[in-house]
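K.L.:
One file is attached below, run11.txt, containing compact mmCIF, N, CA and C atoms.
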```txt
# COMPACT_ATOMS: atom_id res chain seq x y z
N MET A 1 -245.05 -146.08 125.69
CA MET A 1 -244.57 -147.40 125.32
C MET A 1 -243.18 -147.62 125.92
N ILE A 2 -242.99 -148.74 126.56
CA ILE A 2 -241.72 -149.06 127.21
C ILE A 2 -240.80 -149.75 126.21
N ASN A 3 -239.55 -149.33 126.18
CA ASN A 3 -238.57 -149.91 125.28
C ASN A 3 -237.67 -150.86 126.06
N ILE A 4 -238.26 -151.97 126.50
CA ILE A 4 -237.52 -152.96 127.28
C ILE A 4 -236.42 -153.60 126.43
N GLU A 5 -236.67 -153.70 125.14
CA GLU A 5 -235.69 -154.33 124.25
C GLU A 5 -234.37 -153.56 124.27
N LYS A 6 -234.43 -152.23 124.30
CA LYS A 6 -233.21 -151.43 124.36
C LYS A 6 -232.48 -151.69 125.68
N PHE A 7 -233.24 -151.80 126.75
CA PHE A 7 -232.68 -152.08 128.07
C PHE A 7 -231.95 -153.42 128.04
N ILE A 8 -232.63 -154.46 127.55
CA ILE A 8 -232.05 -155.81 127.52
C ILE A 8 -230.84 -155.86 126.59
N SER A 9 -230.97 -155.28 125.40
CA SER A 9 -229.86 -155.33 124.44
C SER A 9 -228.64 -154.59 124.98
N THR A 10 -228.85 -153.50 125.69
CA THR A 10 -227.72 -152.77 126.28
C THR A 10 -227.06 -153.61 127.36
N ARG A 11 -227.86 -154.24 128.20
CA ARG A 11 -227.31 -155.10 129.25
C ARG A 11 -226.49 -156.23 128.64
N LYS A 12 -227.02 -156.84 127.59
CA LYS A 12 -226.31 -157.96 126.95
C LYS A 12 -225.07 -157.49 126.20
N ARG A 13 -225.17 -156.34 125.55
CA ARG A 13 -224.02 -155.79 124.82
C ARG A 13 -222.87 -155.50 125.78
N LEU A 14 -223.22 -155.03 126.98
CA LEU A 14 -222.21 -154.75 128.00
C LEU A 14 -221.78 -156.00 128.75
N LYS A 15 -222.42 -157.12 128.42
CA LYS A 15 -222.11 -158.42 129.04
C LYS A 15 -222.26 -158.37 130.56
N ILE A 16 -223.41 -157.79 130.97
CA ILE A 16 -223.73 -157.72 132.39
C ILE A 16 -224.88 -158.68 132.67
N SER A 17 -224.67 -159.59 133.59
CA SER A 17 -225.73 -160.53 133.94
C SER A 17 -226.82 -159.80 134.73
N GLN A 18 -227.99 -160.42 134.82
CA GLN A 18 -229.05 -159.84 135.62
C GLN A 18 -228.59 -159.69 137.07
N MET A 19 -227.92 -160.70 137.60
CA MET A 19 -227.45 -160.65 139.00
C MET A 19 -226.49 -159.48 139.22
N ALA A 20 -225.55 -159.31 138.29
CA ALA A 20 -224.58 -158.22 138.44
C ALA A 20 -225.26 -156.86 138.33
N LEU A 21 -226.20 -156.76 137.42
CA LEU A 21 -226.88 -155.48 137.23
C LEU A 21 -227.69 -155.07 138.45
N CYS A 22 -228.37 -156.01 139.04
CA CYS A 22 -229.28 -155.65 140.14
C CYS A 22 -228.61 -155.64 141.52
N THR A 23 -227.33 -155.98 141.61
CA THR A 23 -226.63 -155.98 142.89
C THR A 23 -226.74 -154.62 143.57
N ASP A 24 -227.19 -154.63 144.82
CA ASP A 24 -227.38 -153.44 145.65
C ASP A 24 -228.47 -152.49 145.14
N ILE A 25 -229.27 -152.96 144.18
CA ILE A 25 -230.36 -152.13 143.66
C ILE A 25 -231.71 -152.79 143.91
N CYS A 26 -231.84 -154.04 143.47
CA CYS A 26 -233.11 -154.75 143.61
C CYS A 26 -232.83 -156.25 143.55
N THR A 27 -233.87 -157.05 143.64
CA THR A 27 -233.67 -158.50 143.52
C THR A 27 -233.58 -158.88 142.05
N GLN A 28 -232.99 -160.02 141.81
CA GLN A 28 -232.90 -160.53 140.44
C GLN A 28 -234.30 -160.83 139.92
N ALA A 29 -235.20 -161.23 140.79
CA ALA A 29 -236.58 -161.52 140.40
C ALA A 29 -237.28 -160.27 139.89
N THR A 30 -237.03 -159.14 140.53
CA THR A 30 -237.62 -157.87 140.09
C THR A 30 -237.14 -157.53 138.69
N LEU A 31 -235.84 -157.66 138.47
CA LEU A 31 -235.28 -157.37 137.15
C LEU A 31 -235.81 -158.34 136.11
N SER A 32 -235.89 -159.60 136.45
CA SER A 32 -236.40 -160.61 135.53
C SER A 32 -237.84 -160.32 135.13
N LYS A 33 -238.67 -159.94 136.10
CA LYS A 33 -240.07 -159.62 135.80
C LYS A 33 -240.16 -158.41 134.87
N PHE A 34 -239.29 -157.43 135.07
CA PHE A 34 -239.28 -156.27 134.19
C PHE A 34 -238.91 -156.67 132.77
N GLU A 35 -237.86 -157.46 132.63
CA GLU A 35 -237.41 -157.87 131.30
C GLU A 35 -238.40 -158.79 130.59
N LYS A 36 -239.29 -159.41 131.35
CA LYS A 36 -240.32 -160.28 130.76
C LYS A 36 -241.65 -159.56 130.58
N HIS A 37 -241.61 -158.23 130.71
CA HIS A 37 -242.82 -157.41 130.55
C HIS A 37 -243.90 -157.73 131.57
N GLN A 38 -243.51 -158.16 132.74
CA GLN A 38 -244.49 -158.54 133.76
C GLN A 38 -244.69 -157.47 134.84
N GLN A 39 -243.68 -156.63 135.05
CA GLN A 39 -243.76 -155.66 136.13
C GLN A 39 -242.75 -154.54 135.89
N VAL A 40 -243.14 -153.32 136.18
CA VAL A 40 -242.21 -152.19 136.09
C VAL A 40 -241.76 -151.86 137.51
N PRO A 41 -240.44 -151.90 137.75
CA PRO A 41 -239.93 -151.60 139.09
C PRO A 41 -240.22 -150.16 139.51
N ALA A 42 -240.04 -149.88 140.78
CA ALA A 42 -240.23 -148.53 141.31
C ALA A 42 -239.28 -147.56 140.61
N PHE A 43 -239.66 -146.30 140.63
CA PHE A 43 -238.93 -145.24 139.95
C PHE A 43 -237.45 -145.21 140.35
N ASP A 44 -237.16 -145.25 141.64
CA ASP A 44 -235.77 -145.18 142.10
C ASP A 44 -234.95 -146.38 141.64
N ILE A 45 -235.60 -147.53 141.55
CA ILE A 45 -234.91 -148.73 141.05
C ILE A 45 -234.59 -148.57 139.57
N MET A 46 -235.56 -148.07 138.81
CA MET A 46 -235.34 -147.88 137.37
C MET A 46 -234.21 -146.89 137.11
N ILE A 47 -234.17 -145.83 137.89
CA ILE A 47 -233.09 -144.84 137.72
C ILE A 47 -231.74 -145.49 137.96
N ALA A 48 -231.62 -146.24 139.03
CA ALA A 48 -230.35 -146.89 139.37
C ALA A 48 -229.94 -147.91 138.31
N LEU A 49 -230.90 -148.71 137.83
CA LEU A 49 -230.60 -149.71 136.79
C LEU A 49 -230.15 -149.03 135.50
N CYS A 50 -230.87 -148.00 135.11
CA CYS A 50 -230.52 -147.28 133.88
C CYS A 50 -229.15 -146.63 134.00
N GLU A 51 -228.89 -146.01 135.15
CA GLU A 51 -227.58 -145.38 135.34
C GLU A 51 -226.45 -146.39 135.21
N ARG A 52 -226.66 -147.56 135.78
CA ARG A 52 -225.63 -148.60 135.71
C ARG A 52 -225.38 -149.05 134.27
N LEU A 53 -226.40 -148.96 133.44
CA LEU A 53 -226.25 -149.36 132.03
C LEU A 53 -225.87 -148.19 131.13
N GLY A 54 -225.82 -146.99 131.70
CA GLY A 54 -225.50 -145.81 130.89
C GLY A 54 -226.69 -145.36 130.05
N LEU A 55 -227.89 -145.68 130.50
CA LEU A 55 -229.10 -145.28 129.80
C LEU A 55 -229.80 -144.18 130.60
N THR A 56 -230.71 -143.50 129.94
CA THR A 56 -231.57 -142.56 130.64
C THR A 56 -232.95 -143.17 130.75
N LEU A 57 -233.77 -142.62 131.61
CA LEU A 57 -235.16 -143.10 131.68
C LEU A 57 -235.86 -142.88 130.35
N ASN A 58 -235.51 -141.81 129.65
CA ASN A 58 -236.12 -141.55 128.35
C ASN A 58 -235.74 -142.61 127.32
N ASP A 59 -234.60 -143.27 127.49
CA ASP A 59 -234.23 -144.36 126.58
C ASP A 59 -235.19 -145.54 126.74
N VAL A 60 -235.62 -145.78 127.96
CA VAL A 60 -236.47 -146.93 128.26
C VAL A 60 -237.95 -146.56 128.21
N PHE A 61 -238.26 -145.35 128.62
CA PHE A 61 -239.64 -144.86 128.62
C PHE A 61 -239.71 -143.61 127.73
N PRO A 62 -239.54 -143.79 126.41
CA PRO A 62 -239.47 -142.61 125.54
C PRO A 62 -240.76 -141.81 125.53
N ILE A 63 -240.57 -140.50 125.59
CA ILE A 63 -241.70 -139.58 125.54
C ILE A 63 -241.45 -138.66 124.35
N ASN A 64 -242.42 -138.56 123.50
CA ASN A 64 -242.29 -137.70 122.34
C ASN A 64 -242.67 -136.28 122.73
N VAL A 65 -241.70 -135.57 123.28
CA VAL A 65 -241.94 -134.22 123.76
C VAL A 65 -242.22 -133.26 122.62
N THR A 66 -241.55 -133.43 121.51
CA THR A 66 -241.72 -132.49 120.41
C THR A 66 -243.15 -132.49 119.88
N ALA A 67 -243.87 -133.58 120.01
CA ALA A 67 -245.24 -133.61 119.54
C ALA A 67 -246.13 -132.71 120.39
N ARG A 68 -245.73 -132.44 121.61
CA ARG A 68 -246.52 -131.61 122.51
C ARG A 68 -246.10 -130.15 122.47
N GLN A 69 -244.98 -129.86 121.86
CA GLN A 69 -244.49 -128.49 121.83
C GLN A 69 -245.33 -127.64 120.89
N THR A 70 -245.59 -126.43 121.32
CA THR A 70 -246.24 -125.48 120.42
C THR A 70 -245.18 -124.96 119.45
N ASN A 71 -245.61 -124.33 118.40
CA ASN A 71 -244.67 -123.73 117.46
C ASN A 71 -243.81 -122.69 118.18
N ASN A 72 -244.43 -121.89 119.03
CA ASN A 72 -243.68 -120.88 119.77
C ASN A 72 -242.61 -121.51 120.66
N GLU A 73 -242.94 -122.60 121.33
CA GLU A 73 -241.96 -123.28 122.19
C GLU A 73 -240.78 -123.77 121.37
N ARG A 74 -241.07 -124.35 120.21
CA ARG A 74 -240.01 -124.85 119.35
C ARG A 74 -239.11 -123.70 118.89
N VAL A 75 -239.73 -122.62 118.43
CA VAL A 75 -238.98 -121.47 117.94
C VAL A 75 -238.18 -120.82 119.08
N LEU A 76 -238.80 -120.68 120.25
CA LEU A 76 -238.09 -120.08 121.38
C LEU A 76 -236.91 -120.93 121.83
N THR A 77 -237.04 -122.24 121.76
CA THR A 77 -235.92 -123.12 122.10
C THR A 77 -234.76 -122.89 121.15
N LEU A 78 -235.07 -122.84 119.86
CA LEU A 78 -234.01 -122.61 118.86
C LEU A 78 -233.43 -121.21 118.99
N ALA A 79 -234.27 -120.23 119.28
CA ALA A 79 -233.79 -118.86 119.46
C ALA A 79 -232.88 -118.76 120.68
N THR A 80 -233.23 -119.44 121.75
CA THR A 80 -232.40 -119.44 122.96
C THR A 80 -231.04 -120.05 122.66
N GLN A 81 -231.03 -121.13 121.89
CA GLN A 81 -229.76 -121.74 121.51
C GLN A 81 -228.92 -120.78 120.66
N ALA A 82 -229.56 -120.12 119.71
CA ALA A 82 -228.85 -119.14 118.88
C ALA A 82 -228.29 -118.01 119.73
N LEU A 83 -229.07 -117.57 120.69
CA LEU A 83 -228.64 -116.51 121.61
C LEU A 83 -227.44 -116.98 122.41
N PHE A 84 -227.50 -118.21 122.89
CA PHE A 84 -226.39 -118.78 123.67
C PHE A 84 -225.09 -118.78 122.88
N TYR A 85 -225.20 -119.12 121.58
CA TYR A 85 -224.01 -119.16 120.72
C TYR A 85 -223.72 -117.82 120.07
N GLN A 86 -224.45 -116.78 120.49
CA GLN A 86 -224.30 -115.42 120.00
C GLN A 86 -224.38 -115.33 118.48
N ASN A 87 -225.30 -116.11 117.94
CA ASN A 87 -225.58 -116.07 116.51
C ASN A 87 -226.71 -115.06 116.29
N ILE A 88 -226.34 -113.81 116.12
CA ILE A 88 -227.30 -112.73 116.08
C ILE A 88 -228.29 -112.88 114.92
N GLY A 89 -227.78 -113.19 113.76
CA GLY A 89 -228.65 -113.32 112.59
C GLY A 89 -229.71 -114.41 112.77
N LYS A 90 -229.27 -115.54 113.23
CA LYS A 90 -230.21 -116.65 113.43
C LYS A 90 -231.21 -116.31 114.53
N PHE A 91 -230.71 -115.71 115.61
CA PHE A 91 -231.60 -115.34 116.71
C PHE A 91 -232.68 -114.38 116.21
N GLU A 92 -232.27 -113.33 115.51
CA GLU A 92 -233.23 -112.33 115.04
C GLU A 92 -234.23 -112.93 114.06
N HIS A 93 -233.76 -113.83 113.22
CA HIS A 93 -234.66 -114.51 112.27
C HIS A 93 -235.70 -115.34 113.03
N LEU A 94 -235.25 -116.09 114.02
CA LEU A 94 -236.16 -116.95 114.78
C LEU A 94 -237.13 -116.15 115.64
N ILE A 95 -236.63 -115.11 116.31
CA ILE A 95 -237.49 -114.38 117.24
C ILE A 95 -238.62 -113.67 116.49
N LYS A 96 -238.41 -113.36 115.22
CA LYS A 96 -239.48 -112.77 114.40
C LYS A 96 -240.58 -113.78 114.10
N GLN A 97 -240.27 -115.07 114.22
CA GLN A 97 -241.25 -116.12 113.95
C GLN A 97 -242.17 -116.39 115.13
N VAL A 98 -241.85 -115.83 116.29
CA VAL A 98 -242.69 -116.04 117.47
C VAL A 98 -244.03 -115.34 117.23
N GLU A 99 -245.08 -116.10 117.42
CA GLU A 99 -246.43 -115.55 117.23
C GLU A 99 -246.90 -115.01 118.58
N ILE A 100 -246.64 -113.74 118.80
CA ILE A 100 -246.92 -113.11 120.09
C ILE A 100 -248.41 -113.19 120.43
N ASP A 101 -249.27 -113.06 119.41
CA ASP A 101 -250.71 -113.10 119.66
C ASP A 101 -251.20 -114.50 120.05
N LYS A 102 -250.40 -115.52 119.79
CA LYS A 102 -250.77 -116.89 120.15
C LYS A 102 -249.97 -117.42 121.34
N MET A 103 -249.18 -116.55 121.95
CA MET A 103 -248.31 -116.96 123.04
C MET A 103 -249.13 -117.33 124.28
N VAL A 104 -248.78 -118.46 124.88
CA VAL A 104 -249.44 -118.90 126.12
C VAL A 104 -248.59 -118.43 127.31
N ASP A 105 -249.18 -118.44 128.48
CA ASP A 105 -248.51 -117.91 129.68
C ASP A 105 -247.16 -118.57 129.95
N THR A 106 -247.03 -119.86 129.69
CA THR A 106 -245.78 -120.56 129.99
C THR A 106 -244.66 -120.16 129.04
N GLU A 107 -244.99 -119.57 127.90
CA GLU A 107 -243.97 -119.16 126.92
C GLU A 107 -243.46 -117.74 127.19
N ARG A 108 -244.24 -116.93 127.87
CA ARG A 108 -243.89 -115.51 128.08
C ARG A 108 -242.55 -115.32 128.80
N PRO A 109 -242.27 -116.06 129.89
CA PRO A 109 -240.97 -115.85 130.55
C PRO A 109 -239.78 -116.13 129.63
N THR A 110 -239.86 -117.18 128.85
CA THR A 110 -238.76 -117.50 127.93
C THR A 110 -238.59 -116.39 126.90
N TYR A 111 -239.71 -115.92 126.38
CA TYR A 111 -239.66 -114.83 125.40
C TYR A 111 -239.02 -113.58 126.02
N GLN A 112 -239.45 -113.22 127.22
CA GLN A 112 -238.91 -112.03 127.87
C GLN A 112 -237.43 -112.18 128.20
N ILE A 113 -237.04 -113.35 128.63
CA ILE A 113 -235.62 -113.59 128.94
C ILE A 113 -234.78 -113.47 127.67
N THR A 114 -235.26 -114.04 126.58
CA THR A 114 -234.48 -113.94 125.33
C THR A 114 -234.38 -112.48 124.88
N GLN A 115 -235.46 -111.73 125.04
CA GLN A 115 -235.43 -110.31 124.68
C GLN A 115 -234.44 -109.55 125.56
N TYR A 116 -234.45 -109.84 126.85
CA TYR A 116 -233.54 -109.17 127.78
C TYR A 116 -232.08 -109.47 127.44
N PHE A 117 -231.76 -110.75 127.29
CA PHE A 117 -230.37 -111.10 127.02
C PHE A 117 -229.93 -110.67 125.62
N SER A 118 -230.86 -110.60 124.72
CA SER A 118 -230.54 -110.06 123.40
C SER A 118 -230.11 -108.61 123.53
N ALA A 119 -230.87 -107.85 124.32
CA ALA A 119 -230.54 -106.44 124.53
C ALA A 119 -229.20 -106.27 125.24
N VAL A 120 -228.96 -107.10 126.25
CA VAL A 120 -227.73 -106.97 127.05
C VAL A 120 -226.51 -107.52 126.32
N ILE A 121 -226.61 -108.74 125.81
CA ILE A 121 -225.44 -109.42 125.25
C ILE A 121 -225.19 -109.05 123.79
N LEU A 122 -226.23 -109.17 122.98
CA LEU A 122 -226.02 -108.98 121.55
C LEU A 122 -225.99 -107.51 121.14
N LYS A 123 -226.89 -106.74 121.68
CA LYS A 123 -227.01 -105.34 121.25
C LYS A 123 -226.32 -104.37 122.21
N GLN A 124 -225.99 -104.87 123.40
CA GLN A 124 -225.37 -104.06 124.45
C GLN A 124 -226.15 -102.75 124.65
N ASP A 125 -227.47 -102.90 124.74
CA ASP A 125 -228.39 -101.78 124.90
C ASP A 125 -229.01 -101.85 126.29
N CYS A 126 -228.34 -101.23 127.26
CA CYS A 126 -228.81 -101.30 128.65
C CYS A 126 -230.15 -100.60 128.84
N LEU A 127 -230.42 -99.54 128.08
CA LEU A 127 -231.69 -98.85 128.18
C LEU A 127 -232.83 -99.77 127.77
N LYS A 128 -232.66 -100.49 126.67
CA LYS A 128 -233.67 -101.45 126.21
C LYS A 128 -233.84 -102.56 127.25
N ALA A 129 -232.74 -103.03 127.81
CA ALA A 129 -232.80 -104.09 128.83
C ALA A 129 -233.60 -103.62 130.04
N LYS A 130 -233.39 -102.38 130.47
CA LYS A 130 -234.15 -101.85 131.60
C LYS A 130 -235.63 -101.75 131.28
N GLN A 131 -235.96 -101.41 130.04
CA GLN A 131 -237.36 -101.33 129.63
C GLN A 131 -238.02 -102.70 129.67
N ILE A 132 -237.29 -103.71 129.31
CA ILE A 132 -237.82 -105.07 129.30
C ILE A 132 -238.12 -105.53 130.72
N ILE A 133 -237.23 -105.16 131.65
CA ILE A 133 -237.44 -105.54 133.05
C ILE A 133 -238.67 -104.86 133.57
```
Could I get this structure in the form of structure tokens?

P.N.:
Amino acid sequence: MINIEKFISTRKRLKISQMALCTDICTQATLSKFEKHQQVPAFDIMIALCERLGLTLNDVFPINVTARQTNNERVLTLATQALFYQNIGKFEHLIKQVEIDKMVDTERPTYQITQYFSAVILKQDCLKAKQII
């Protein structure tokens, strides 16, 4: 679902006319058709328009990524963040929640990287790190 309303409201809040917004990017007609739900401009045009408004493509074309995430992906993301902030307790709590028997191929590299950096950074166990490699 396209959130054209956010695009338009941001443009108006910033008091940028259609002509000013599309200068050196596209025609005013292209922008007008987009705002009237008649046509979606090319990808490169949308990027440039959004950048000029301080928006991301996800602001205008929201994608619910979390709905597609597996439980392991969600947990590994949080564990990676905990590892980054060297929060050992939180990391260890989260990494225990990873369901190794349900892990898909795309999750394995993240899991292995977190295990490696946990050994190197948090536990300073080079022998364990070498075993992981």

K.L.:
Could you name the residues that touch region 21-34 of chain A at 7 Å or less, counting all atoms listed in the file, but leaving out those on the same chain fewer than 4 positions away, as a PyMOL selection string?

P.N.:
chain A and resi 4+16-17+38-41+45+48-49

K.L.:
Between A:Lys123, A:Ile100, A:Leu14, A:Ile132, single out the one closest to Leu55 (chain A), counting only C-alpha atoms.

P.N.:
A:Leu14

K.L.:
One decimal, in Å: what's the spacing between atom C of Thr77 (chain A) and CA of Cys50 (chain A)?

P.N.:
27.8 Å

K.L.:
Identify which of the residues A:Leu83, A:Gln131, A:Ile95, A:Gln69 lies closest to Ser118 (chain A), counting only N, CA and C atoms when measuring atom-to-atom distances.

P.N.:
A:Leu83

K.L.:
Rounded to one decimal place, report the atom N of Asp125 (chain A)-CA of Glu107 (chain A) distance in Å.

P.N.:
23.3 Å

K.L.:
What is the distance, in Å and to one decimal place, between CA of Thr110 (chain A) and CA of Phe61 (chain A)?

P.N.:
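Separating CA of Thr110 (chain A) from CA of Phe61 (chain A) is a distance of 27.4 Å.
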